[in-house]
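Visitor: First the structure, then my questions, so here it is.
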Amino acid sequence: MRVCGVIAEYDPFHRGHAWHLARAREACGADYVVCVLSTAFTQRGAPSFFAARDRARMALAGGADAVFALPVTFSVMEADRFAAGGVQALDGLGVVTHLSFGCEDSGVFDLLRGCAEMLRQPSEAFERHLTEKLQSGLSFPRAQAQALSETLGISPDILQKPNNILAVAYLKQLPALDSPMIPVPVQRMGRRDDPDTEGFLSSSVLRERFLNGQTGQALQQLPEACAPIADDCLKARAVCPPGALSQAYLYRLAMMDLKTLARYTTQRNGLPERVYKCAPRAGSLEELVGMAAGPLDTRAGVRRFLSQALLDLPRETLPARVPCVRLLGFREEARPLLAAIKRRSTLPVAAKPADYASLLQTDARAERIRALGCESAVPLFQQSPVIFGRETL
């Protein structure tokens, strides 16, 4: 049995994602495609626009055979921890033979593999370059990218692109976990932030269109089977718009002193101090992010830090490994896959969240907090997995 694994957010699942799943299935010769999905809070540092269950429904309608949840203690984190959680979850299922991910450019896979190997086993030259870049005042991601560029003789632009950054993180994690999964890169189609691109529009552009009243145009960019799911969520106001939890973030910060706030990061670049100083003057979350971001921290990095504080995820309490995987949904014809996972998985697989309540407390809380930003939300966490083929999606 060949099984292709994908780590994703699908917020929303669009035609580019369906294209990737189809190409990945073909490249791997896969019998099944399994997705590990970020849930209530995402790697971009924000609550998900669409709920995890609805995104799982879209993924199943768009070509996935089974969808599992990535714990929030890994999903709302920097690239390395996000990748570690995703690879651990897929590897722990015991059946995944290949890992597919998107790259921003064709022909860079060998370069990305070289970057991953350098980060796993850094040379003296790399460490010297990295130290120099950090001392010059660059943020860690930028310093690391430039150090890799100078050490390996590659363009630093390659390592500034989000999908390439995650690709390097995945490639670093596979040998670190001694995972037998075979990496399968697929070139990403379309330009990430260009609404006029001729390729597939990104999820961020589609979310903007939903919020700007261009719903019809945005829905056209989703696979035909997925558009009604997204449309129903929008009509039911079951989405969490950016800024909907703004006051919750500011309230949470108002209740913390600087020592407590500093527990949510291992960085020593002054981020907790900047946030603590700026928070009383900020009128919204985005205003605070703008005040705190700068040369040392990207806006996404600040958002992740603030979400970790909102969800009460101190660094010293984070698990080193994924404790269990929650089944969000599967296709009816994928029951043989689930049977194989049941036999081979080295991780608890929670089809009924109540059976693993102690392991899923943090995720259940994150779902409740996200729901505060929705005008209409139902308690999705305790619901049974979606079964594509048995019910109307």
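Residues in the structure tokens are named by chain (A, B, ... in the order shown) and by number from 1 within that chain; ligands are numbered from 1 in the order shown.
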For stretch 94-100 of chain A, please output as a list of chain:residue names all residues within 6 Å (counting only C-alpha atoms; exclusion window: fewer than 6 positions along the same chain).

Guide: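 The neighbour list is A:Arg2, A:Val3, A:Cys4, A:Gly5, A:Val6, A:Met181, A:Ile182, A:Pro183, A:Val184, A:Pro185, A:Arg344, A:Ser345.
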
Visitor: Using only C-alpha atoms, which protein or nucleic acid residues come within 10 Å of A:Phe109? Drop anything in the same chain fewer than 4 positions from it, and give the result as a list in words.

Guide: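 Residues meeting the cut-off are Cys103, Glu104, Asp105, Arg113, Gly114, Cys115, Asn164, Ala167, Val168, Leu171, Pro183, Val184, Pro185, Val186 and Gln187 of chain A.
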
Visitor: Can you tell me, as a PyMOL selection string, what residues are no more than 8 Å from stretch 302-307 of chain A when counting only C-alpha atoms, ignoring any on the same chain fewer than 3 positions away?

Guide: chain A and resi 41+43-46+76-78+249+264-265+271+289+292-293+297-299+310-311

Visitor: Those same residues - C-alpha atoms - I'd like them written as an mmCIF file, in the first residue's frame.

Guide:
```
data_model
loop_
_atom_site.group_PDB
_atom_site.id
_atom_site.type_symbol
_atom_site.label_atom_id
_atom_site.label_comp_id
_atom_site.auth_asym_id
_atom_site.auth_seq_id
_atom_site.Cartn_x
_atom_site.Cartn_y
_atom_site.Cartn_z
ATOM 1 C CA PHE A 41 -5.124 28.377 15.042
ATOM 2 C CA GLN A 43 0.887 28.598 11.261
ATOM 3 C CA ARG A 44 0.358 32.156 10.023
ATOM 4 C CA GLY A 45 -0.426 33.014 13.658
ATOM 5 C CA ALA A 46 -4.165 33.631 13.350
ATOM 6 C CA VAL A 76 0.475 27.855 15.718
ATOM 7 C CA MET A 77 4.280 27.682 15.833
ATOM 8 C CA GLU A 78 7.316 28.608 13.751
ATOM 9 C CA TYR A 249 -5.997 39.285 22.681
ATOM 10 C CA TYR A 264 5.617 32.245 25.588
ATOM 11 C CA THR A 265 8.822 32.545 23.606
ATOM 12 C CA LEU A 271 9.736 40.800 21.602
ATOM 13 C CA VAL A 289 1.263 43.693 15.520
ATOM 14 C CA ALA A 292 5.795 45.189 17.681
ATOM 15 C CA ALA A 293 6.987 43.900 14.298
ATOM 16 C CA ASP A 297 10.308 39.884 14.014
ATOM 17 C CA THR A 298 7.943 39.451 11.085
ATOM 18 C CA ARG A 299 4.251 40.249 11.471
ATOM 19 C CA LEU A 310 -3.867 33.963 24.128
ATOM 20 C CA LEU A 311 -4.070 30.168 24.181
#
```

Visitor: Report as an mmCIF file with N, CA and C atoms, in the first residue's frame all protein, DNA and RNA residues lying within 7 Å of A:Gln221, evaluated on only C-alpha atoms, omitting residues in the same chain fewer than 2 positions from it.

Guide:
```
data_model
loop_
_atom_site.group_PDB
_atom_site.id
_atom_site.type_symbol
_atom_site.label_atom_id
_atom_site.label_comp_id
_atom_site.auth_asym_id
_atom_site.auth_seq_id
_atom_site.Cartn_x
_atom_site.Cartn_y
_atom_site.Cartn_z
ATOM 1 N N HIS A 14 -8.591 25.328 -2.133
ATOM 2 C CA HIS A 14 -8.889 25.888 -3.453
ATOM 3 C C HIS A 14 -8.370 24.982 -4.566
ATOM 4 N N ARG A 15 -8.517 25.457 -5.801
ATOM 5 C CA ARG A 15 -8.162 24.625 -6.956
ATOM 6 C C ARG A 15 -6.672 24.273 -6.978
ATOM 7 N N ALA A 218 -14.626 34.566 -5.540
ATOM 8 C CA ALA A 218 -13.771 33.701 -4.737
ATOM 9 C C ALA A 218 -14.222 32.248 -4.814
ATOM 10 N N LEU A 219 -15.505 32.014 -4.752
ATOM 11 C CA LEU A 219 -16.021 30.646 -4.796
ATOM 12 C C LEU A 219 -15.686 29.961 -6.114
ATOM 13 N N PRO A 223 -12.700 24.151 -5.945
ATOM 14 C CA PRO A 223 -13.249 23.033 -6.718
ATOM 15 C C PRO A 223 -14.770 23.017 -6.623
#
```

Visitor: In terms of the shortest atom-to-atom distance over only C-alpha atoms, which of A:Ala351, A:Gln121, A:Thr266, A:Gly301 is closest to A:Glu316?

Guide: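 Checking each of A:Ala351, A:Gln121, A:Thr266, A:Gly301 against A:Glu316, counting only C-alpha atoms, the winner is A:Thr266.
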
Visitor: Enumerate, as a PDB file with C-alpha atoms, in the first residue's frame, the complete set of residues in stretch 62-304 of chain A that a backbone-based DSSP assignment places in strand (DSSP E).

Guide:
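Listed below is the output, states_12.pdb:
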```
ATOM      1  CA  ALA A  66      -8.518  10.898   5.202  1.00  0.00           C
ATOM      2  CA  VAL A  67      -7.871  14.031   7.249  1.00  0.00           C
ATOM      3  CA  PHE A  68      -6.292  14.215  10.701  1.00  0.00           C
ATOM      4  CA  ALA A  69      -5.790  17.186  13.032  1.00  0.00           C
ATOM      5  CA  LEU A  70      -2.412  18.681  13.879  1.00  0.00           C
ATOM      6  CA  HIS A  98       5.601   9.455   0.933  1.00  0.00           C
ATOM      7  CA  LEU A  99       5.478  13.091   2.054  1.00  0.00           C
ATOM      8  CA  SER A 100       4.478  15.633  -0.579  1.00  0.00           C
ATOM      9  CA  PHE A 101       4.814  19.396  -0.238  1.00  0.00           C
ATOM     10  CA  GLY A 102       4.816  22.454  -2.456  1.00  0.00           C
ATOM     11  CA  CYS A 103       7.889  24.369  -3.618  1.00  0.00           C
ATOM     12  CA  ILE A 182      10.049   9.649   0.774  1.00  0.00           C
ATOM     13  CA  PRO A 183       9.849  13.411   0.037  1.00  0.00           C
ATOM     14  CA  VAL A 184       7.930  14.329  -3.110  1.00  0.00           C
ATOM     15  CA  PRO A 185       8.050  18.045  -4.025  1.00  0.00           C
ATOM     16  CA  VAL A 186       5.428  19.583  -6.298  1.00  0.00           C
ATOM     17  CA  GLN A 187       5.903  23.053  -7.775  1.00  0.00           C
TER      18      GLN A 187
END
```

Visitor: Any idea what's packed within 9 Å of stretch 138-154 of chain A, counting only C-alpha atoms, ignoring anything in its chain fewer than 6 positions away? Could you give it as a list in words?

Guide: Leu111, Gly114, Cys115, Met118, Leu119, Ser123, Ala125, Phe126, Glu127, Arg128, His129, Leu130, Thr131, Glu132, Gln160, Asn269, Gly294, Pro295, Leu296, Asp297 and Thr298 of chain A

Visitor: With only C-alpha atoms counted and 12 Å as the cut-off, give the residues of stretch 6-124 of chain A in contact with stretch 358-380 of chain A, each with its shortest interatomic distance in Å and the pair that gives it, as a tab-separated table.

Guide:
```
residue	atom	partner	partner_atom	distance
A:Ser38	CA	A:Asp363	CA	10.6
A:Thr39	CA	A:Glu367	CA	8.0
A:Ala40	CA	A:Glu367	CA	5.3
A:Phe41	CA	A:Ala366	CA	7.3
A:Thr42	CA	A:Ala366	CA	11.0
A:Ala46	CA	A:Arg370	CA	9.5
A:Pro47	CA	A:Arg370	CA	6.0
A:Ser48	CA	A:Arg370	CA	7.7
A:Phe49	CA	A:Cys374	CA	9.2
A:Phe50	CA	A:Cys374	CA	9.7
A:Ala51	CA	A:Leu380	CA	8.3
A:Ala52	CA	A:Leu380	CA	8.5
A:Arg53	CA	A:Leu380	CA	7.0
A:Asp54	CA	A:Leu380	CA	9.5
A:Ala56	CA	A:Leu380	CA	11.9
A:Ala69	CA	A:Asp363	CA	9.6
A:Leu70	CA	A:Asp363	CA	9.3
A:Pro71	CA	A:Asp363	CA	6.4
A:Val72	CA	A:Asp363	CA	5.9
A:Thr73	CA	A:Thr362	CA	7.9
A:Phe74	CA	A:Asp363	CA	10.6
A:Ser75	CA	A:Asp363	CA	10.4
A:Val76	CA	A:Ala366	CA	10.6
```

Visitor: How many Å separate atom CA of A:Val322 from atom CA of A:Gly85?

Guide: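 These two atoms are separated by 6.0 Å.
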
Visitor: Please provide the set of residues having any atom within 10 Å of A:Phe330, restricted to only C-alpha atoms, with same-chain residues fewer than 6 positions apart removed, written as a list in words.

Guide: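 The contact residues come out as Val34, Ala56, Arg57, Ala59, Leu60, Ala61, Ala64, Asp65, Ala66, Val67, Phe68, Leu337, Leu338, Pro385, Val386, Ile387, Phe388 and Gly389 of chain A.
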
Visitor: Based on the backbone DSSP call, show me all residues of stretch 96-314 of chain A assigned helix (DSSP H, G or I), as a PyMOL selection string.

Guide: chain A and resi 109-120+124-135+140-152+156-160+162-176+203-211+215-219+227-235+246-254+258-264+271-281+285-292+299-310

Visitor: Have a look at A:Phe381, A:Phe200, A:Tyr170, A:Tyr276 and name the one nearest to A:Ala84; count only C-alpha atoms.

Guide: A:Tyr170

Visitor: For A:Asp31, which residue among A:Gly107, A:Gly216, A:Pro242, A:Pro336 is the nearest when counting only C-alpha atoms?

Guide: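 Closest residue, counting only C-alpha atoms: A:Pro336.
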
Visitor: Would you mind telling me which residue in A:Ala27, A:Val275, A:Ala83, A:Ala18 lies nearest to A:Met256 when using only C-alpha atoms?

Guide: A:Val275
